[in-house]
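Below is the file model_18.cif, which contains mmCIF, C-alpha atoms.
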```cif
data_run
#
loop_
_atom_site.label_atom_id
_atom_site.label_comp_id
_atom_site.auth_asym_id
_atom_site.auth_seq_id
_atom_site.Cartn_x
_atom_site.Cartn_y
_atom_site.Cartn_z
CA MET K 1 -28.90 17.37 -8.66
CA GLY K 2 -25.18 16.61 -8.70
CA LEU K 3 -23.14 18.00 -11.56
CA VAL K 4 -19.88 16.46 -12.72
CA LYS K 5 -17.65 18.70 -14.80
CA ASN K 6 -15.74 17.01 -17.61
CA LEU K 7 -13.10 18.70 -19.72
CA SER K 8 -13.14 17.95 -23.44
CA ILE K 9 -11.15 19.22 -26.40
CA GLY K 10 -12.93 21.19 -29.11
CA ILE K 11 -11.30 22.03 -32.45
CA LEU K 12 -12.52 25.18 -34.13
CA GLY K 13 -12.53 25.80 -37.85
CA THR K 14 -9.40 27.95 -37.52
CA GLY K 15 -7.52 25.07 -36.03
CA LEU K 16 -7.44 26.74 -32.61
CA MET K 17 -7.84 24.26 -29.79
CA VAL K 18 -9.99 25.30 -26.82
CA LEU K 19 -11.11 23.63 -23.64
CA ALA K 20 -14.85 23.10 -23.44
CA THR K 21 -16.66 22.25 -20.24
CA ALA K 22 -19.45 19.72 -20.57
CA ALA K 23 -21.77 19.33 -17.62
CA GLN K 24 -23.25 16.01 -16.76
CA ALA K 25 -26.18 15.42 -14.47
CA LYS K 26 -27.65 12.43 -12.71
CA ALA K 27 -30.88 11.19 -14.25
CA VAL K 28 -33.78 9.67 -12.32
CA THR K 29 -35.96 6.94 -13.75
CA LEU K 30 -39.17 5.63 -12.18
CA THR K 31 -40.40 2.13 -13.00
CA TYR K 32 -43.26 0.06 -11.61
CA ASP K 33 -42.38 -2.51 -8.97
CA ARG K 34 -45.62 -3.72 -7.33
CA SER K 35 -48.85 -2.65 -5.65
CA ILE K 36 -49.89 -2.90 -2.01
CA GLY K 37 -53.51 -3.36 -0.93
CA SER K 38 -56.67 -3.63 -2.97
CA PRO K 39 -59.85 -1.55 -3.17
CA GLY K 40 -62.57 -2.46 -0.71
CA PHE K 41 -63.74 -2.35 2.90
CA GLY K 42 -62.44 -5.67 4.26
CA PRO K 43 -59.26 -6.46 6.22
CA GLY K 44 -56.23 -5.41 4.21
CA GLN K 45 -58.33 -3.47 1.72
CA LEU K 46 -58.06 0.28 1.24
CA PHE K 47 -60.20 3.22 0.32
CA VAL K 48 -58.85 6.75 -0.09
CA PRO K 49 -55.33 5.78 1.12
CA GLN K 50 -53.66 8.97 2.24
CA GLY K 51 -50.52 8.92 4.39
CA ILE K 52 -47.82 6.29 3.77
CA ALA K 53 -44.81 5.39 5.91
CA VAL K 54 -42.26 2.55 5.86
CA ASP K 55 -40.76 1.32 9.12
CA SER K 56 -37.23 0.06 9.80
CA GLN K 57 -38.28 -3.53 9.06
CA GLY K 58 -39.68 -2.62 5.65
CA ASN K 59 -43.34 -2.83 6.68
CA THR K 60 -45.64 -0.35 4.97
CA LEU K 61 -48.17 1.62 6.99
CA ILE K 62 -51.06 3.27 5.15
CA SER K 63 -53.68 5.55 6.67
CA ASN K 64 -57.10 4.35 5.56
CA GLY K 65 -59.89 6.80 4.87
CA ARG K 66 -62.91 7.85 6.86
CA GLY K 67 -65.78 5.38 6.94
CA VAL K 68 -69.03 7.11 5.97
CA ASN K 69 -72.61 5.84 5.90
CA PRO K 70 -74.88 6.66 2.94
CA ASP K 71 -76.41 9.54 4.92
CA GLY K 72 -72.96 11.05 5.47
CA THR K 73 -72.60 10.12 9.13
CA PRO K 74 -69.34 8.48 10.27
CA ASN K 75 -69.13 4.69 10.29
CA TYR K 76 -66.29 3.78 12.62
CA ASN K 77 -66.39 0.14 11.54
CA LEU K 78 -64.94 1.20 8.20
CA GLY K 79 -61.49 2.67 7.81
CA ASP K 80 -60.26 5.23 10.33
CA LYS K 81 -57.08 3.32 11.13
CA ILE K 82 -53.55 2.77 9.91
CA GLU K 83 -53.24 -0.49 7.97
CA LYS K 84 -49.96 -2.39 8.16
CA PHE K 85 -48.47 -4.59 5.43
CA SER K 86 -45.36 -6.79 5.49
CA PRO K 87 -42.41 -6.17 3.14
CA SER K 88 -43.96 -8.74 0.78
CA GLY K 89 -47.31 -6.89 0.85
CA GLN K 90 -49.19 -9.26 3.15
CA TYR K 91 -51.70 -7.63 5.48
CA ILE K 92 -50.50 -7.75 9.10
CA GLY K 93 -53.03 -5.72 11.08
CA ALA K 94 -53.96 -2.19 12.07
CA ILE K 95 -52.88 0.59 14.39
CA GLY K 96 -55.70 2.53 16.01
CA SER K 97 -59.42 2.32 15.34
CA GLY K 98 -62.30 4.60 14.51
CA GLY K 99 -63.58 6.94 17.21
CA THR K 100 -62.72 9.93 19.33
CA GLY K 101 -60.88 8.31 22.24
CA PRO K 102 -57.15 7.98 22.91
CA GLY K 103 -55.38 6.42 19.95
CA GLN K 104 -58.52 6.49 17.79
CA PHE K 105 -59.06 8.30 14.50
CA ASP K 106 -61.76 10.16 12.70
CA GLU K 107 -60.08 10.45 9.28
CA PRO K 108 -56.36 9.68 9.52
CA THR K 109 -54.15 11.48 7.03
CA THR K 110 -50.42 12.15 7.09
CA VAL K 111 -48.27 9.51 8.78
CA ASP K 112 -44.50 9.13 9.28
CA PHE K 113 -41.81 7.88 11.65
CA ASN K 114 -39.54 10.22 13.58
CA PRO K 115 -36.01 9.19 12.50
CA VAL K 116 -34.60 10.21 15.90
CA THR K 117 -37.10 8.61 18.31
CA GLY K 118 -38.64 5.97 16.04
CA ASP K 119 -42.15 7.07 17.07
CA LEU K 120 -45.04 7.17 14.61
CA TYR K 121 -47.02 10.40 14.13
CA ALA K 122 -50.39 10.51 12.37
CA GLY K 123 -52.80 13.32 11.51
CA ASP K 124 -56.37 12.95 12.80
CA VAL K 125 -58.55 15.35 10.85
CA TYR K 126 -62.00 15.48 12.42
CA ASN K 127 -60.55 15.02 15.91
CA ASN K 128 -58.26 17.95 15.05
CA ARG K 129 -55.02 16.57 16.47
CA ILE K 130 -51.89 14.49 15.99
CA ASN K 131 -51.76 10.97 17.42
CA GLN K 132 -48.35 9.68 18.50
CA PHE K 133 -47.49 5.96 18.81
CA ASP K 134 -44.27 4.12 19.56
CA SER K 135 -42.56 2.06 16.86
CA GLN K 136 -44.71 -0.97 17.75
CA GLY K 137 -47.98 0.94 17.45
CA LYS K 138 -48.63 1.52 21.16
CA PHE K 139 -50.43 4.81 21.76
CA ILE K 140 -48.36 7.47 23.56
CA ARG K 141 -50.26 10.75 23.38
CA SER K 142 -52.30 13.17 21.31
CA PHE K 143 -51.17 16.76 20.85
CA ALA K 144 -51.99 19.95 18.96
CA ASN K 145 -55.60 19.41 19.98
CA GLY K 146 -57.76 21.97 18.19
CA GLU K 147 -54.79 23.77 16.64
CA PHE K 148 -55.59 23.01 13.01
CA THR K 149 -57.76 25.36 10.97
CA PRO K 150 -61.20 23.89 10.18
CA LEU K 151 -62.95 23.84 6.83
CA ILE K 152 -63.31 27.21 5.13
CA PRO K 153 -65.65 28.15 2.26
CA GLY K 154 -64.46 27.14 -1.16
CA ARG K 155 -62.15 24.39 0.12
CA PHE K 156 -62.73 20.64 0.05
CA PHE K 157 -59.97 19.66 2.48
CA PHE K 158 -58.71 20.67 5.91
CA GLY K 159 -56.82 19.56 8.99
CA PRO K 160 -53.27 18.30 9.58
CA SER K 161 -51.43 17.66 6.32
CA GLY K 162 -47.82 16.62 5.70
CA VAL K 163 -45.61 15.71 8.64
CA THR K 164 -41.80 15.86 8.54
CA PHE K 165 -38.85 16.03 10.95
CA ASP K 166 -35.61 17.93 11.31
CA LYS K 167 -32.30 16.35 12.30
CA THR K 168 -32.98 16.83 16.01
CA GLY K 169 -36.37 15.12 15.87
CA ASN K 170 -38.60 18.20 16.00
CA VAL K 171 -41.95 17.65 14.27
CA TYR K 172 -43.28 19.93 11.51
CA VAL K 173 -46.95 19.53 10.55
CA GLY K 174 -48.82 21.34 7.81
CA ASP K 175 -52.06 23.12 8.75
CA PHE K 176 -53.82 22.85 5.42
CA ASN K 177 -56.27 25.75 5.65
CA GLY K 178 -54.16 27.74 8.11
CA GLU K 179 -51.56 28.29 5.35
CA ARG K 180 -48.85 27.48 7.87
CA ILE K 181 -46.57 24.82 9.29
CA LEU K 182 -46.63 24.16 13.03
CA LYS K 183 -43.40 23.13 14.74
CA PHE K 184 -43.38 20.86 17.81
CA THR K 185 -40.86 19.06 19.96
CA SER K 186 -40.92 15.28 19.67
CA ASP K 187 -43.21 15.12 22.73
CA GLY K 188 -45.75 17.51 21.26
CA LYS K 189 -44.87 20.92 22.70
CA GLN K 190 -45.40 23.68 20.15
CA ILE K 191 -42.27 25.75 19.60
CA GLY K 192 -42.84 27.62 16.37
CA VAL K 193 -45.00 28.59 13.40
CA ILE K 194 -43.95 29.08 9.77
CA GLY K 195 -46.14 31.00 7.33
CA GLY K 196 -49.78 31.81 8.01
CA THR K 197 -50.70 34.14 5.14
CA THR K 198 -53.06 33.25 2.30
CA GLY K 199 -52.02 34.34 -1.17
CA THR K 200 -49.88 33.74 -4.21
CA ALA K 201 -46.75 35.73 -3.35
CA LEU K 202 -43.51 34.16 -2.19
CA GLY K 203 -44.02 32.97 1.39
CA GLU K 204 -47.81 32.82 1.03
CA PHE K 205 -49.81 29.61 0.60
CA GLN K 206 -53.15 28.31 -0.59
CA GLY K 207 -53.43 24.83 0.89
CA VAL K 208 -50.29 23.64 2.70
CA ALA K 209 -50.15 20.02 1.58
CA GLY K 210 -47.15 17.66 1.58
CA THR K 211 -44.19 18.91 3.61
CA ARG K 212 -40.65 17.52 3.57
CA ILE K 213 -37.35 18.65 5.06
CA SER K 214 -34.33 17.99 2.86
CA PRO K 215 -31.83 15.56 4.42
CA VAL K 216 -29.08 17.54 2.69
CA SER K 217 -29.70 21.25 3.25
CA GLY K 218 -32.46 21.25 5.85
CA ASN K 219 -34.59 23.33 3.47
CA ILE K 220 -38.35 22.81 3.74
CA PHE K 221 -40.18 21.76 0.55
CA VAL K 222 -43.94 22.34 0.58
CA ALA K 223 -46.61 21.26 -1.90
CA ASP K 224 -48.65 24.47 -2.18
CA GLN K 225 -51.75 22.71 -3.43
CA TYR K 226 -54.14 25.35 -4.78
CA ASN K 227 -51.27 27.52 -6.00
CA ASN K 228 -50.19 24.55 -8.15
CA ARG K 229 -46.57 24.87 -7.17
CA VAL K 230 -43.82 23.76 -4.79
CA GLN K 231 -42.48 26.34 -2.38
CA VAL K 232 -39.00 26.08 -0.84
CA LEU K 233 -38.12 27.60 2.53
CA ASP K 234 -34.82 27.70 4.38
CA PRO K 235 -34.49 25.80 7.70
CA ASN K 236 -35.76 28.85 9.59
CA GLY K 237 -38.84 29.16 7.39
CA LYS K 238 -37.64 32.04 5.23
CA PRO K 239 -39.13 31.64 1.72
CA LEU K 240 -36.50 31.11 -0.98
CA TYR K 241 -38.25 30.32 -4.27
CA THR K 242 -41.10 28.43 -5.91
CA PHE K 243 -41.41 26.21 -8.97
CA GLY K 244 -44.27 24.78 -10.97
CA SER K 245 -47.34 26.37 -12.54
CA ALA K 246 -50.92 25.35 -13.25
CA GLY K 247 -51.32 22.92 -16.15
CA SER K 248 -50.75 19.40 -17.43
CA GLY K 249 -47.52 19.81 -19.37
CA PRO K 250 -44.09 18.66 -18.22
CA GLY K 251 -43.23 20.51 -15.02
CA GLN K 252 -46.75 21.84 -14.57
CA LEU K 253 -48.98 20.81 -11.68
CA LEU K 254 -52.66 20.46 -10.83
CA GLN K 255 -53.06 20.40 -7.07
CA PRO K 256 -49.84 18.73 -5.89
CA ILE K 257 -50.25 16.72 -2.69
CA GLY K 258 -47.47 14.33 -1.62
CA ILE K 259 -43.84 15.42 -1.79
CA GLU K 260 -40.51 13.68 -1.13
CA VAL K 261 -36.87 14.81 -1.25
CA ASP K 262 -33.98 12.38 -1.73
CA ASP K 263 -30.35 12.57 -0.64
CA GLN K 264 -29.45 14.54 -3.76
CA GLU K 265 -32.36 16.93 -3.25
CA ASN K 266 -34.31 15.61 -6.18
CA VAL K 267 -37.97 16.40 -5.48
CA TYR K 268 -40.77 13.89 -6.12
CA VAL K 269 -44.25 15.43 -6.36
CA ALA K 270 -47.62 13.64 -6.44
CA ASP K 271 -49.35 15.70 -9.13
CA SER K 272 -52.81 14.64 -8.00
CA ILE K 273 -55.33 15.64 -10.66
CA ASN K 274 -52.85 14.85 -13.43
CA SER K 275 -52.60 11.32 -11.94
CA ARG K 276 -48.82 11.15 -12.07
CA VAL K 277 -45.61 11.72 -10.15
CA GLN K 278 -43.16 14.32 -11.39
CA VAL K 279 -39.50 14.60 -10.47
CA PHE K 280 -37.56 17.88 -10.30
CA ASP K 281 -34.05 18.78 -9.28
CA LYS K 282 -33.57 20.95 -6.19
CA ASN K 283 -33.88 24.12 -8.26
CA GLY K 284 -37.18 23.08 -9.78
CA LYS K 285 -35.93 21.89 -13.14
CA PHE K 286 -38.23 19.17 -14.51
CA LEU K 287 -36.51 15.79 -14.85
CA THR K 288 -39.13 13.14 -15.56
CA SER K 289 -42.63 11.91 -14.77
CA TYR K 290 -44.40 8.61 -14.25
CA GLY K 291 -48.07 7.66 -14.37
CA LYS K 292 -51.14 8.14 -16.51
CA PRO K 293 -54.83 8.58 -15.67
CA ALA K 294 -57.18 5.62 -15.31
CA LEU K 295 -59.21 4.79 -18.44
CA ASP K 296 -62.42 2.88 -19.06
CA ALA K 297 -62.84 0.17 -21.71
CA SER K 298 -63.52 2.82 -24.36
CA GLY K 299 -60.37 4.74 -23.52
CA ASN K 300 -62.13 7.57 -21.72
CA LEU K 301 -60.78 9.11 -18.53
CA VAL K 302 -62.30 7.71 -15.35
CA PRO K 303 -63.47 10.64 -13.21
CA PRO K 304 -63.13 10.79 -9.42
CA PRO K 305 -66.20 9.48 -7.57
CA GLY K 306 -69.05 11.78 -6.64
CA LEU K 307 -70.04 12.73 -3.12
CA THR K 308 -72.61 9.94 -2.68
CA ASP K 309 -70.63 7.32 -4.62
CA PRO K 310 -68.38 4.64 -3.14
CA PRO K 311 -64.85 6.06 -2.77
CA PHE K 312 -63.55 4.44 -5.96
CA GLY K 313 -63.38 5.32 -9.60
CA ASN K 314 -65.92 3.55 -11.77
CA PRO K 315 -64.59 1.51 -13.41
CA LEU K 316 -61.27 0.72 -11.76
CA ASP K 317 -58.21 0.62 -13.98
CA LEU K 318 -55.63 -1.37 -12.01
CA THR K 319 -53.10 -1.48 -14.82
CA PRO K 320 -49.62 -0.74 -13.42
CA GLY K 321 -48.90 2.95 -13.72
CA ARG K 322 -52.54 4.01 -14.01
CA PHE K 323 -53.82 6.30 -11.26
CA ASN K 324 -57.06 7.98 -10.35
CA TRP K 325 -55.39 10.86 -8.52
CA THR K 326 -52.01 10.49 -6.88
CA GLY K 327 -52.06 11.25 -3.16
CA GLY K 328 -49.76 10.52 -0.25
CA THR K 329 -46.16 9.47 -0.81
CA SER K 330 -43.17 7.93 0.95
CA LEU K 331 -39.55 7.49 -0.19
CA LYS K 332 -37.56 4.68 1.38
CA ASP K 333 -34.53 2.62 0.31
CA GLY K 334 -34.80 3.42 -3.39
CA LYS K 335 -38.57 2.90 -3.54
CA LEU K 336 -41.22 5.57 -4.02
CA TYR K 337 -44.63 4.68 -2.55
CA VAL K 338 -47.55 6.52 -4.15
CA GLY K 339 -51.17 6.46 -3.04
CA ASP K 340 -53.57 5.62 -5.90
CA PHE K 341 -56.21 7.67 -4.22
CA PHE K 342 -59.49 6.56 -5.80
CA GLN K 343 -58.36 3.03 -6.65
CA GLY K 344 -57.70 1.72 -3.15
CA ARG K 345 -54.05 0.81 -3.47
CA VAL K 346 -50.48 2.05 -3.15
CA GLN K 347 -48.19 1.68 -6.15
CA VAL K 348 -44.52 1.11 -5.40
CA LEU K 349 -42.01 2.51 -7.89
CA ASN K 350 -38.31 1.79 -8.29
CA VAL K 351 -36.17 4.90 -8.25
CA GLU K 352 -33.52 3.89 -10.75
CA GLY K 353 -30.79 5.25 -12.96
CA ARG K 354 -28.99 8.15 -11.40
CA ARG K 355 -26.55 7.50 -14.21
CA GLN K 356 -24.51 10.30 -15.72
CA VAL K 357 -26.20 11.86 -18.72
CA PRO K 358 -25.28 14.99 -20.71
CA GLU K 359 -26.85 18.20 -19.48
CA PRO K 360 -27.17 21.16 -21.86
CA SER K 361 -24.62 23.96 -21.63
CA SER K 362 -25.74 27.18 -23.27
CA GLY K 363 -22.18 28.45 -23.70
CA LEU K 364 -21.26 25.44 -25.82
CA GLY K 365 -24.52 25.04 -27.67
CA LEU K 366 -24.95 21.42 -26.56
CA GLY K 367 -28.09 19.60 -27.65
CA LEU K 368 -31.01 19.68 -25.26
CA LEU K 369 -32.16 16.56 -23.46
CA ALA K 370 -35.92 16.44 -23.91
CA LEU K 371 -38.01 14.75 -21.27
CA GLY K 372 -41.70 14.28 -22.06
CA ALA K 373 -44.78 13.60 -20.00
CA ALA K 374 -48.33 12.72 -20.90
CA THR K 375 -50.53 15.80 -20.83
CA VAL K 376 -53.94 15.16 -19.49
CA THR K 377 -56.70 17.26 -18.02
CA LEU K 378 -59.08 15.80 -15.50
CA ARG K 379 -62.20 17.55 -14.39
CA LYS K 380 -62.21 18.58 -10.79
CA ARG K 381 -64.29 16.61 -8.40
CA GLY K 382 -67.69 18.24 -7.91
CA GLN K 383 -68.15 18.12 -4.18
CA GLN K 384 -69.79 20.42 -1.70
CA LYS K 385 -68.91 18.76 1.57
CA PRO K 386 -65.68 16.89 2.32
CA VAL K 387 -65.85 13.19 2.91
CA PHE K 388 -62.10 13.03 3.33
CA SER K 389 -59.05 15.21 3.48
CA LEU K 390 -55.80 14.65 1.69
CA GLU K 391 -52.30 14.12 2.83
CA LYS K 392 -50.98 16.55 0.94
#
```
So that I can check it, write out the structure of this file as structure tokens.
Amino acid sequence: MGLVKNLSIGILGTGLMVLATAAQAKAVTLTYDRSIGSPGFGPGQLFVPQGIAVDSQGNTLISNGRGVNPDGTPNYNLGDKIEKFSPSGQYIGAIGSGGTGPGQFDEPTTVDFNPVTGDLYAGDVYNNRINQFDSQGKFIRSFANGEFTPLIPGRFFFGPSGVTFDKTGNVYVGDFNGERILKFTSDGKQIGVIGGTTGTALGEFQGVAGTRISPVSGNIFVADQYNNRVQVLDPNGKPLYTFGSAGSGPGQLLQPIGIEVDDQENVYVADSINSRVQVFDKNGKFLTSYGKPALDASGNLVPPPGLTDPPFGNPLDLTPGRFNWTGGTSLKDGKLYVGDFFQGRVQVLNVEGRRQVPEPSSGLGLGLLALGAATVTLRKRGQQKPVFSLEK
């Protein structure tokens, strides 16, 4: 968050004139722009949208969830592909298909473009790999086959989570249950590992979810899902600090998933169970939030679907700004794309403002700028076997 120092004149009761330094900080405001996709199983419809990416032409690519029959067996005619929408939100087509062969998916998750090569990388959970395509969607290769930690007791999710890139085009992919980030060259050769220890201490993780490398400092920002926090690492993977704590108040998190970092190192976090997005500065100071949980006609919270239910909240609340869990995210050209996980759509938000506003200075006793957020508590989804995994 950029600070601008302004000098002002203060006159004390004694008549002595002193110079006072007033800090100003850039504010971030999120407003609703539009939605992409609709809930359902037909062409251009979405269920459990996870990863989101925007290409150089402004098309939006969304990884669609795993098709499942009522008995729990995979149905490759449903989902298991990356859906593509035009800049105006019209459905264009799909990349990949359901299955186990080259370029196919069995539960796609994280998805993003390499800014150096232009290639598209997508997590493939049950096939335990990363699929790589060129910018036009032509399959290139799969890599990291079998490298991601499978489901472990007490967890609902597993597999490849957030994908991000450094300035040279190396690929960093979260291993959700491995509590680590795997580092690859752009052609899929593994060259490093960050983390790997379960726990709550600095440098330890419980569910490596969304992962983003800052375009400014090269620091790595990680949504540490079950620790209800964001962890910040230096470019070499050395842990620096964490922010966030469990709860529903401003600055608190309940299982953060998607994460984005802008060119001022403001951090945008999909606070999943709280059904909102929160924004922090690079040091973890809470700035603002957007989003509220879906409600039924009586004003009650709509819970996530059960294991044997269709993958949508019942009822749907498609009011702008209402979410039934926030999931995958993407930040592109002043727009924040947020997966409305159990409502089969992506909501697009304008990232506005960045105007200069007073920031409190303890030495001068300036007034505090209060930023509020709705505080809600959603019950956790009661589920014993995963039907999907999150992009985190």
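For the pair CA of Gly169 (chain K) and CA of Pro115 (chain K), the interatomic distance is 6.8 Å.
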Near-Ala270 (chain K) list (8 Å; all atoms listed in the file; drop same-chain fewer than 2 positions) as a PyMOL selection string: chain K and resi 256-259+268+272+275-278+326-329+338
May I have the protein, DNA and RNA residues with an atom at most 6 Å from (-45.7, 6.6, 5.7), counting all atoms listed in the file in the file's coordinates, returned as a list in words? Gly51, Ile52, Ala53, Val54, Leu61, Val111, Asp112 and Ser330 of chain K
Export of prior selection with C-alpha atoms as an mmCIF file, keeping the file's coordinate frame:
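Output (out_26.cif):
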```
data_model
loop_
_atom_site.group_PDB
_atom_site.id
_atom_site.type_symbol
_atom_site.label_atom_id
_atom_site.label_comp_id
_atom_site.auth_asym_id
_atom_site.auth_seq_id
_atom_site.Cartn_x
_atom_site.Cartn_y
_atom_site.Cartn_z
ATOM 1 C CA GLY K 51 -50.520 8.920 4.390
ATOM 2 C CA ILE K 52 -47.820 6.290 3.770
ATOM 3 C CA ALA K 53 -44.810 5.390 5.910
ATOM 4 C CA VAL K 54 -42.260 2.550 5.860
ATOM 5 C CA LEU K 61 -48.170 1.620 6.990
ATOM 6 C CA VAL K 111 -48.270 9.510 8.780
ATOM 7 C CA ASP K 112 -44.500 9.130 9.280
ATOM 8 C CA SER K 330 -43.170 7.930 0.950
#
```
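Remark: for Val230 (chain K), the closest of the candidate residues K:Ile181, K:Val216, K:Val163, K:Ala246 is K:Ala246 (distances computed over all atoms listed in the file).
Taking CA of Arg34 (chain K) and CA of Gly344 (chain K) as the two end points, the separation is 13.9 Å.
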Pull out every residue that the PyMOL selection byres ((chain K and resi 321) around 6) matches in the shown coordinates and put them as a PDB file with C-alpha atoms, keeping the file's coordinate frame.
```pdb
ATOM      1  CA  GLY K 291     -48.070   7.660 -14.370  1.00  0.00           C
ATOM      2  CA  PRO K 320     -49.620  -0.740 -13.420  1.00  0.00           C
ATOM      3  CA  ARG K 322     -52.540   4.010 -14.010  1.00  0.00           C
TER       4      ARG K 322
END
```
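Residues in contact range of region 182-193 of chain K, defined as at most 8 Å between all atoms listed in the file, with sequence neighbours fewer than 3 positions away removed, read Thr117, Ser142, Phe143, Ala144, Gly169, Asn170, Val171, Tyr172, Val173, Gly174, Asp175 and Gly196 of chain K.
Residues in contact with Tyr226 (chain K) at up to 10 Å, not including ones fewer than 6 positions away on its chain and judged by all atoms listed in the file, are Arg155, Gly199, Thr200, Phe205, Gln206, Gly207, Val208, Ala209, Ala246, Leu253, Leu254, Gln255, Pro256 and Ile257 of chain K.
One distance worth recording is that between CA of Leu331 (chain K) and CA of Gly203 (chain K), which is 25.9 Å.
The closest residue to Ile36 (chain K), picked from K:Gly89, K:Gly79, K:Pro315, K:Gly306 and counting all atoms listed in the file, is K:Gly89.
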Go ahead and fit an axis-aligned box to every listed atom of region 93-110 of chain K plus 4 Å each side, and pass me the centre and edge lengths in Å, one decimal, as AutoDock Vina command-line options.
```
--center_x -57.0 --center_y 3.2 --center_z 15.0 --size_x 21.2 --size_y 25.9 --size_z 23.9
```
Output check: residues returned by the PyMOL selection byres ((chain K and resi 335) around 12), as a ChimeraX atom specification: /K:29-35,53-54,58,60,87,260,262,268,329-334,336-338,346-352
I'd like the neighbourhood of Gly42 (chain K) as a VMD selection string, where a residue qualifies if any of its atoms comes within 12 Å (using all atoms listed in the file), though same-chain residues fewer than 2 positions away should be ignored. chain K and resid 37 to 40 44 to 47 64 67 77 to 79 83 91 93 344
Same residues, C-alpha atoms, output as a short mmCIF file (atom, residue, chain, number, x, y, z; two decimals), keeping the file's coordinate frame:
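Written file, again-v2.cif:
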```
data_model
loop_
_atom_site.label_atom_id
_atom_site.label_comp_id
_atom_site.auth_asym_id
_atom_site.auth_seq_id
_atom_site.Cartn_x
_atom_site.Cartn_y
_atom_site.Cartn_z
CA GLY K 37 -53.51 -3.36 -0.93
CA SER K 38 -56.67 -3.63 -2.97
CA PRO K 39 -59.85 -1.55 -3.17
CA GLY K 40 -62.57 -2.46 -0.71
CA GLY K 44 -56.23 -5.41 4.21
CA GLN K 45 -58.33 -3.47 1.72
CA LEU K 46 -58.06 0.28 1.24
CA PHE K 47 -60.20 3.22 0.32
CA ASN K 64 -57.10 4.35 5.56
CA GLY K 67 -65.78 5.38 6.94
CA ASN K 77 -66.39 0.14 11.54
CA LEU K 78 -64.94 1.20 8.20
CA GLY K 79 -61.49 2.67 7.81
CA GLU K 83 -53.24 -0.49 7.97
CA TYR K 91 -51.70 -7.63 5.48
CA GLY K 93 -53.03 -5.72 11.08
CA GLY K 344 -57.70 1.72 -3.15
#
```
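Residue nearest Leu301 (chain K), chosen from K:Ala94, K:Ile82, K:Leu287, K:Ile273 and counting all atoms listed in the file: K:Ile273.
For the residues K:Lys292, K:Arg129, K:Lys81, K:Arg141, ranking by smallest atom-to-atom distance to Gln50 (chain K) using only C-alpha atoms places K:Lys81 first.
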